[in-house]
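Undergrad: Here you go, this is input07.pdb (PDB, C-alpha atoms).
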ATOM      1  CA  GLU A   1       6.688  22.914   3.270
ATOM      2  CA  SER A   2       8.531  20.896   0.650
ATOM      3  CA  PRO A   3       7.967  21.791  -3.005
ATOM      4  CA  THR A   4       7.252  18.119  -3.704
ATOM      5  CA  ALA A   5       4.916  17.534  -0.733
ATOM      6  CA  ASP A   6       1.702  17.757  -2.762
ATOM      7  CA  GLN A   7       2.913  15.289  -5.370
ATOM      8  CA  THR A   8       4.149  12.967  -2.628
ATOM      9  CA  ALA A   9       0.689  13.005  -1.048
ATOM     10  CA  ILE A  10      -0.888  12.222  -4.425
ATOM     11  CA  ASN A  11       1.551   9.350  -5.047
ATOM     12  CA  LEU A  12       0.907   7.882  -1.600
ATOM     13  CA  GLY A  13      -2.843   8.201  -2.104
ATOM     14  CA  ILE A  14      -2.648   6.301  -5.384
ATOM     15  CA  ALA A  15      -0.401   3.604  -3.884
ATOM     16  CA  PHE A  16      -2.774   3.162  -0.922
ATOM     17  CA  GLN A  17      -5.826   3.068  -3.196
ATOM     18  CA  LEU A  18      -4.304   0.472  -5.534
ATOM     19  CA  THR A  19      -3.434  -1.645  -2.489
ATOM     20  CA  ASN A  20      -7.014  -1.324  -1.230
ATOM     21  CA  ILE A  21      -8.428  -2.225  -4.646
ATOM     22  CA  ILE A  22      -6.394  -5.435  -4.727
ATOM     23  CA  ARG A  23      -7.143  -6.321  -1.107
ATOM     24  CA  ASP A  24     -10.884  -5.629  -1.351
ATOM     25  CA  ILE A  25     -11.700  -7.387  -4.626
ATOM     26  CA  LYS A  26     -14.043  -9.899  -2.975
ATOM     27  CA  ALA A  27     -15.838  -7.314  -0.816
ATOM     28  CA  ASP A  28     -16.259  -5.001  -3.801
ATOM     29  CA  LEU A  29     -17.591  -7.878  -5.922
ATOM     30  CA  ASN A  30     -20.143  -8.620  -3.216
ATOM     31  CA  LEU A  31     -21.336  -5.031  -3.677
ATOM     32  CA  GLY A  32     -21.463  -5.496  -7.470
ATOM     33  CA  ARG A  33     -18.351  -3.404  -8.063
ATOM     34  CA  ILE A  34     -15.123  -3.995  -9.972
ATOM     35  CA  TYR A  35     -12.599  -1.209  -9.570
ATOM     36  CA  LEU A  36     -10.081  -2.503 -12.091
ATOM     37  CA  ALA A  37     -10.091  -0.703 -15.424
ATOM     38  CA  GLN A  38     -11.921  -2.467 -18.243
ATOM     39  CA  GLU A  39      -8.971  -1.635 -20.496
ATOM     40  CA  ASP A  40      -6.675  -3.592 -18.163
ATOM     41  CA  LEU A  41      -9.086  -6.516 -17.966
ATOM     42  CA  ARG A  42      -9.205  -6.700 -21.766
ATOM     43  CA  HIS A  43      -5.430  -6.375 -22.048
ATOM     44  CA  TYR A  44      -4.893  -9.350 -19.735
ATOM     45  CA  GLY A  45      -7.779 -11.395 -21.168
ATOM     46  CA  TYR A  46      -9.767 -11.390 -17.940
ATOM     47  CA  SER A  47     -13.489 -10.591 -17.985
ATOM     48  CA  ASP A  48     -16.109  -9.313 -15.569
ATOM     49  CA  ASP A  49     -17.569 -12.830 -15.634
ATOM     50  CA  ASP A  50     -14.156 -14.236 -14.673
ATOM     51  CA  PHE A  51     -14.230 -11.906 -11.669
ATOM     52  CA  LYS A  52     -17.778 -12.848 -10.744
ATOM     53  CA  ASN A  53     -16.883 -16.550 -10.992
ATOM     54  CA  HIS A  54     -13.640 -16.101  -9.039
ATOM     55  CA  VAL A  55     -11.543 -17.507 -11.864
ATOM     56  CA  VAL A  56      -7.898 -17.833 -10.846
ATOM     57  CA  ASN A  57      -5.741 -18.432 -13.896
ATOM     58  CA  ASP A  58      -2.669 -17.074 -15.630
ATOM     59  CA  SER A  59      -4.559 -13.968 -16.809
ATOM     60  CA  PHE A  60      -5.694 -13.281 -13.240
ATOM     61  CA  PHE A  61      -2.147 -13.493 -11.872
ATOM     62  CA  LYS A  62      -0.786 -11.259 -14.635
ATOM     63  CA  LEU A  63      -3.496  -8.705 -13.865
ATOM     64  CA  MET A  64      -2.785  -8.809 -10.124
ATOM     65  CA  HIS A  65       0.966  -8.493 -10.666
ATOM     66  CA  PHE A  66       0.345  -5.540 -12.981
ATOM     67  CA  TYR A  67      -1.686  -3.715 -10.316
ATOM     68  CA  ALA A  68       0.772  -4.623  -7.556
ATOM     69  CA  SER A  69       3.636  -3.368  -9.710
ATOM     70  CA  ARG A  70       1.800  -0.091 -10.352
ATOM     71  CA  ALA A  71       1.260   0.360  -6.625
ATOM     72  CA  GLU A  72       4.909  -0.484  -5.969
ATOM     73  CA  SER A  73       6.072   2.226  -8.386
ATOM     74  CA  PHE A  74       3.957   4.836  -6.577
ATOM     75  CA  TYR A  75       5.370   3.729  -3.207
ATOM     76  CA  GLN A  76       8.921   4.050  -4.534
ATOM     77  CA  VAL A  77       8.420   7.557  -5.925
ATOM     78  CA  ALA A  78       6.573   8.762  -2.830
ATOM     79  CA  THR A  79       9.112   7.476  -0.327
ATOM     80  CA  GLN A  80      11.894   9.498  -1.914
ATOM     81  CA  GLU A  81      10.395  12.523  -0.160
ATOM     82  CA  PHE A  82      10.868  10.808   3.208
ATOM     83  CA  GLU A  83      14.650  10.988   2.834
ATOM     84  CA  LYS A  84      14.397  14.799   3.023
ATOM     85  CA  ASP A  85      12.453  14.690   6.305
ATOM     86  CA  LYS A  86      15.170  15.472   8.838
ATOM     87  CA  GLU A  87      12.777  16.903  11.446
ATOM     88  CA  GLY A  88      10.454  13.903  11.638
ATOM     89  CA  LYS A  89       7.400  15.728  10.330
ATOM     90  CA  LEU A  90       6.385  12.815   8.106
ATOM     91  CA  VAL A  91       6.353  10.071  10.742
ATOM     92  CA  ALA A  92       2.628   9.385  10.335
ATOM     93  CA  ALA A  93       2.949   9.238   6.551
ATOM     94  CA  LYS A  94       5.969   6.943   6.875
ATOM     95  CA  ALA A  95       4.112   4.634   9.253
ATOM     96  CA  MET A  96       1.045   4.406   7.013
ATOM     97  CA  THR A  97       3.260   3.816   4.007
ATOM     98  CA  GLN A  98       5.058   1.000   5.784
ATOM     99  CA  ILE A  99       1.747  -0.602   6.786
ATOM    100  CA  TYR A 100       0.153  -0.401   3.351
ATOM    101  CA  HIS A 101       3.332  -1.413   1.560
ATOM    102  CA  ALA A 102       3.738  -4.424   3.870
ATOM    103  CA  LEU A 103       0.096  -5.313   3.194
ATOM    104  CA  LEU A 104       0.661  -5.217  -0.563
ATOM    105  CA  LYS A 105       3.733  -7.435  -0.205
ATOM    106  CA  LYS A 106       1.845  -9.898   2.022
ATOM    107  CA  ILE A 107      -0.982 -10.191  -0.514
ATOM    108  CA  GLY A 108       1.600 -10.922  -3.217
ATOM    109  CA  ARG A 109       3.516 -13.423  -1.070
ATOM    110  CA  LYS A 110       0.279 -15.267  -0.406
ATOM    111  CA  ASN A 111      -0.316 -15.376  -4.183
ATOM    112  CA  PHE A 112      -3.275 -12.974  -4.278
ATOM    113  CA  PRO A 113      -5.939 -14.993  -2.390
ATOM    114  CA  VAL A 114      -8.357 -12.094  -2.859
ATOM    115  CA  PHE A 115     -11.379 -14.254  -3.711
ATOM    116  CA  LYS A 116     -10.988 -16.411  -0.604
ATOM    117  CA  ARG A 117     -10.284 -13.878   2.117
ATOM    118  CA  ARG A 118      -9.287 -10.342   2.926
ATOM    119  CA  VAL A 119      -5.577 -10.280   3.699
ATOM    120  CA  ALA A 120      -4.641  -7.999   6.572
ATOM    121  CA  LEU A 121      -1.702  -7.285   8.839
ATOM    122  CA  ASN A 122      -2.088  -8.316  12.439
ATOM    123  CA  LYS A 123      -1.047  -6.006  15.291
ATOM    124  CA  MET A 124       2.420  -7.545  15.576
ATOM    125  CA  GLU A 125       3.063  -7.108  11.850
ATOM    126  CA  LYS A 126       1.966  -3.470  12.048
ATOM    127  CA  LEU A 127       4.208  -2.881  15.040
ATOM    128  CA  TRP A 128       7.092  -4.631  13.284
ATOM    129  CA  VAL A 129       6.906  -2.374  10.216
ATOM    130  CA  THR A 130       6.176   0.880  12.054
ATOM    131  CA  GLY A 131       8.283   0.330  15.162
ATOM    132  CA  PRO A 132      11.556   1.681  13.745
ATOM    133  CA  PHE A 133       9.932   4.971  12.685
ATOM    134  CA  LEU A 134       8.012   5.419  15.905
ATOM    135  CA  LEU A 135      11.027   4.560  18.056
ATOM    136  CA  LYS A 136      13.254   6.948  16.118
ATOM    137  CA  LYS A 137      10.653   9.715  16.478
ATOM    138  CA  LYS A 138      10.436   9.086  20.233
ATOM    139  CA  ILE A 139      14.235   9.132  20.657
ATOM    140  CA  ASN A 140      14.635  12.273  18.530
ATOM    141  CA  GLY A 141      11.763  13.951  20.380
ATOM    142  CA  ASN A 142      13.351  13.184  23.757
ATOM    143  CA  GLN A 143      16.725  14.514  22.580
ATOM    144  CA  LYS A 144      15.131  17.769  21.377
ATOM    145  CA  LEU A 145      13.210  18.115  24.630
ATOM    146  CA  LYS A 146      16.423  17.659  26.664
ATOM    147  CA  ALA A 147      18.246  20.194  24.501
ATOM    148  CA  LEU A 148      15.470  22.745  24.947
ATOM    149  CA  SER A 149      15.205  22.191  28.706
ATOM    150  CA  SER A 150      18.971  22.525  29.249
ATOM    151  CA  LYS A 151      19.160  25.958  27.589
ATOM    152  CA  PRO A 152      19.311  28.898  30.022
TER     153      PRO A 152
END
Would you mind writing the file out in structure tokens?
TA:
Amino acid sequence: ESPTADQTAINLGIAFQLTNIIRDIKADLNLGRIYLAQEDLRHYGYSDDDFKNHVVNDSFFKLMHFYASRAESFYQVATQEFEKDKEGKLVAAKAMTQIYHALLKKIGRKNFPVFKRRVALNKMEKLWVTGPFLLKKKINGNQKLKALSSKP
């Protein structure tokens, strides 16, 4: 219903996709795919062969930080829409955003170990980042239900 809802969905989609691209580098390589733009690889001095050989060097880290920063900017723009959501209609989008954003941050904190393993959030981490939204939705839903049931 918001005039910016479509653009918010696009921004979230891009942020999620960039996060997936970073997270799934090894799996994609195993399928013979590299989803990072050739222009970006050239700019950071990192080649397809570097990817295939799992080269971790300064160019690799600059490239990963560039993609993480791009994703971060899309998360920031998209989450501005959430502030307008007074009725709790975007709870699912907020929860997914928190999960994917936390995943991106975890990959960065672990220094982009994308050639060694697929970084993921465990169930407790997912609950930790989504709990506040889900709890607030539950409390607000119960308050609305009580208000509706107490009306004559």
Undergrad: Could you tell me how far CA of Leu41 in chain A lies from CA of Leu12 in chain A, in Å and to one decimal?
TA: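 Taking CA of Leu41 in chain A as the start and CA of Leu12 in chain A as the end point, the length is 24.0 Å.
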Undergrad: Can you list, as a list of chain:residue names, the residues that the PyMOL selection byres ((chain A and resi 40) around 12) selects here?
TA: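 Here the PyMOL selection byres ((chain A and resi 40) around 12) matches A:Ile34, A:Tyr35, A:Leu36, A:Ala37, A:Gln38, A:Glu39, A:Leu41, A:Arg42, A:His43, A:Tyr44, A:Gly45, A:Tyr46, A:Ser47, A:Asp48, A:Ser59, A:Phe60, A:Lys62, A:Leu63, A:Met64, A:His65, A:Phe66, A:Tyr67.
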Undergrad: Between CA of Gln7 in chain A and CA of Ala71 in chain A, what is the distance, to one decimal in Å?
TA: 15.1 Å
Undergrad: For Val119 in chain A, which residue out of A:His54, A:Lys105, A:Lys94, A:Arg23 is the nearest one, using all atoms listed in the file?
TA: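 Closest candidate: A:Arg23.
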Undergrad: For the provided coordinates, the residues matched by the PyMOL selection byres ((chain A and resi 81) around 9) should be stated as an MDAnalysis selection string.
TA: chainID A and resid 2 4:5 8 77:80 82:85
Undergrad: CA of Val56 in chain A and CA of Lys26 in chain A are how many Å apart?
TA: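 About the pair CA of Val56 in chain A and CA of Lys26 in chain A: they are 12.8 Å apart.
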Undergrad: Box in all listed atoms of range 69-78 of chain A, axis-aligned, with 6 Å more on each side; write out centre and edge lengths in Å to one decimal as JSON.
TA:
{"center_x": 5.1, "center_y": 2.7, "center_z": -6.6, "size_x": 19.7, "size_y": 24.1, "size_z": 19.5}
Undergrad: Once the PyMOL selection byres ((chain A and resi 101) around 9) has been applied to the shown file, what residues remain in the selection, as a list of chain:residue names?
TA: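 In the shown coordinates, the PyMOL selection byres ((chain A and resi 101) around 9) covers A:Ala15, A:Phe16, A:Thr19, A:Ala71, A:Glu72, A:Tyr75, A:Met96, A:Thr97, A:Gln98, A:Ile99, A:Tyr100, A:Ala102, A:Leu103, A:Leu104, A:Lys105, A:Lys106.
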